[in-house]
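K.L.:
Right, I'll just put the structure down here and ask away after.
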Amino acid sequence: MVAFNKLVRDKVPSLVTKDGGSYSLKLLSPLEHQHEITKKMYEELDEYHAAQSKDEAIEELVDMVELIYAAIKLHDVSPEDFEAIRLEKKKKKGGFEKGIYLNSISQ
């Protein structure tokens, strides 16, 4: 048996058995789940950074969005409420579409 020791998508165990394999797993507590989501976000970010094609980049971004949805659920926020918060913040401060890189501010 190969050690995996990381958070995986919910259907991975059934895919393993479908392919004739077996597995061992544990269900994480909410705190452990949050910790593993954070670790997985870094993993997916590294994979996004290393992506060599548009398709690879999109696959990693999809994984990151799925992790964000899992994380907001752990914080008892619905996707709709999350989106409303996102839009309100964007309305106040804007998004990241223009590529503005702030060098300095003086006051």
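Chain lettering (A, B, ...) mirrors the order of the structure tokens, residue numbering begins at 1 for each chain separately, and ligand numbering begins at 1 in order of display.
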Quick one: residues within 9 Å of Glu36 of chain A, only C-alpha atoms counted, chain neighbours fewer than 6 positions away excluded, as a list in words?
P.N.:
Lys6, Leu7 and Leu28 of chain A
K.L.:
Mind checking which residues fall within 12 Å of Ile72 of chain A, counting only C-alpha atoms, ignoring those fewer than 2 positions away in the same chain, and posting them as an MDAnalysis selection string?
P.N.:
chainID A and resid 30 33:34 37:38 65:70 74:83 85
K.L.:
Neighbours of segment 42-45 of chain A within 7 Å (only C-alpha atoms; same-chain residues fewer than 2 positions away dropped), as an MDAnalysis selection string?
P.N.:
chainID A and resid 38:40 47:49 60 63:64
K.L.:
Residues within 10 Å of Met1 of chain A, please, as a ChimeraX atom specification. Count only C-alpha atoms; anything in the same chain fewer than 6 positions from it doesn't count.
P.N.:
/A:21-24
K.L.:
Please, could you write that set of residues out with N, CA and C atoms as a PDB file, in the first residue's frame?
P.N.:
ATOM      1  N   GLY A  21      -8.863  -1.292  -6.340  1.00  0.00           N
ATOM      2  CA  GLY A  21      -7.949  -1.043  -5.231  1.00  0.00           C
ATOM      3  C   GLY A  21      -8.664  -1.043  -3.892  1.00  0.00           C
ATOM      4  N   SER A  22      -7.890  -0.838  -2.858  1.00  0.00           N
ATOM      5  CA  SER A  22      -8.438  -0.691  -1.508  1.00  0.00           C
ATOM      6  C   SER A  22      -7.752   0.509  -0.870  1.00  0.00           C
ATOM      7  N   TYR A  23      -8.274   0.949   0.253  1.00  0.00           N
ATOM      8  CA  TYR A  23      -7.731   2.150   0.887  1.00  0.00           C
ATOM      9  C   TYR A  23      -8.012   2.111   2.378  1.00  0.00           C
ATOM     10  N   SER A  24      -7.320   2.962   3.099  1.00  0.00           N
ATOM     11  CA  SER A  24      -7.680   3.267   4.477  1.00  0.00           C
ATOM     12  C   SER A  24      -7.805   4.780   4.553  1.00  0.00           C
TER      13      SER A  24
END
K.L.:
Pick the closest to His35 of chain A from A:Lys18, A:Ala71, A:Val8, A:Gln52: which is it, counting only C-alpha atoms?
P.N.:
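Smallest distance to His35 of chain A is found for A:Ala71.
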K.L.:
Taking only chain A into account, list the residues labelled alpha helix (DSSP H) by DSSP (computed from the backbone), as a short mmCIF file (atom, residue, chain, number, x, y, z; two decimals) with C-alpha atoms, in the first residue's frame.
P.N.:
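Result file follows (result.cif):
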data_model
loop_
_atom_site.label_atom_id
_atom_site.label_comp_id
_atom_site.auth_asym_id
_atom_site.auth_seq_id
_atom_site.Cartn_x
_atom_site.Cartn_y
_atom_site.Cartn_z
CA VAL A 12 -11.65 9.38 -4.65
CA PRO A 13 -12.26 6.38 -2.34
CA SER A 14 -15.06 5.05 -4.56
CA LEU A 15 -12.89 5.60 -7.64
CA VAL A 16 -10.11 3.56 -5.99
CA THR A 17 -12.43 0.61 -5.33
CA LYS A 18 -13.95 0.91 -8.80
CA PRO A 30 -13.59 20.42 11.46
CA LEU A 31 -10.29 21.83 12.79
CA GLU A 32 -8.24 19.12 11.06
CA HIS A 33 -10.29 19.62 7.90
CA GLN A 34 -9.57 23.37 7.92
CA HIS A 35 -5.86 22.69 8.42
CA GLU A 36 -5.78 20.18 5.56
CA ILE A 37 -7.72 22.52 3.27
CA THR A 38 -5.08 25.17 3.91
CA LYS A 39 -2.27 22.71 3.12
CA LYS A 40 -4.09 21.58 -0.03
CA MET A 41 -4.56 25.21 -1.16
CA TYR A 42 -0.78 25.69 -1.01
CA GLU A 43 -0.29 22.45 -2.94
CA GLU A 44 -2.73 23.55 -5.65
CA LEU A 45 -1.15 27.01 -5.77
CA ASP A 46 2.26 25.44 -6.34
CA GLU A 47 0.78 23.27 -9.10
CA TYR A 48 -0.86 26.34 -10.67
CA HIS A 49 2.47 28.14 -10.58
CA ALA A 50 4.14 25.15 -12.29
CA LYS A 54 -3.76 26.87 -20.13
CA ASP A 55 -5.57 23.56 -19.48
CA GLU A 56 -3.24 22.65 -16.60
CA ALA A 57 -3.64 26.14 -15.12
CA ILE A 58 -7.44 25.95 -15.32
CA GLU A 59 -7.46 22.49 -13.67
CA GLU A 60 -5.49 23.88 -10.71
CA LEU A 61 -7.72 26.95 -10.46
CA VAL A 62 -10.78 24.67 -10.41
CA ASP A 63 -9.23 22.75 -7.52
CA MET A 64 -8.54 25.97 -5.63
CA VAL A 65 -12.13 27.15 -6.08
CA GLU A 66 -13.43 23.79 -4.84
CA LEU A 67 -11.20 24.16 -1.77
CA ILE A 68 -12.53 27.67 -1.18
CA TYR A 69 -16.10 26.36 -1.25
CA ALA A 70 -15.14 23.66 1.26
CA ALA A 71 -13.47 26.25 3.50
CA ILE A 72 -16.39 28.68 3.51
CA LYS A 73 -18.71 25.81 4.48
CA LEU A 74 -16.48 25.15 7.51
CA PRO A 79 -21.80 30.20 -1.28
CA GLU A 80 -24.43 32.90 -1.84
CA ASP A 81 -23.37 34.88 1.23
CA PHE A 82 -19.73 34.46 0.28
CA GLU A 83 -20.46 35.80 -3.19
CA ALA A 84 -22.35 38.78 -1.72
CA ILE A 85 -19.36 39.56 0.53
CA ARG A 86 -17.00 39.21 -2.44
CA LEU A 87 -19.08 41.57 -4.58
CA GLU A 88 -19.39 44.13 -1.79
CA LYS A 89 -15.62 44.13 -1.28
CA LYS A 90 -15.09 44.42 -5.04
CA LYS A 91 -17.51 47.34 -5.15
CA LYS A 92 -15.55 49.13 -2.42
CA LYS A 93 -11.97 48.28 -3.43
#
K.L.:
Report, in Å with one decimal, the straight-line distance from atom CA of Leu27 of chain A to atom CA of Ala3 of chain A.
P.N.:
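Between atom CA of Leu27 of chain A and atom CA of Ala3 of chain A the gap works out to 16.3 Å.
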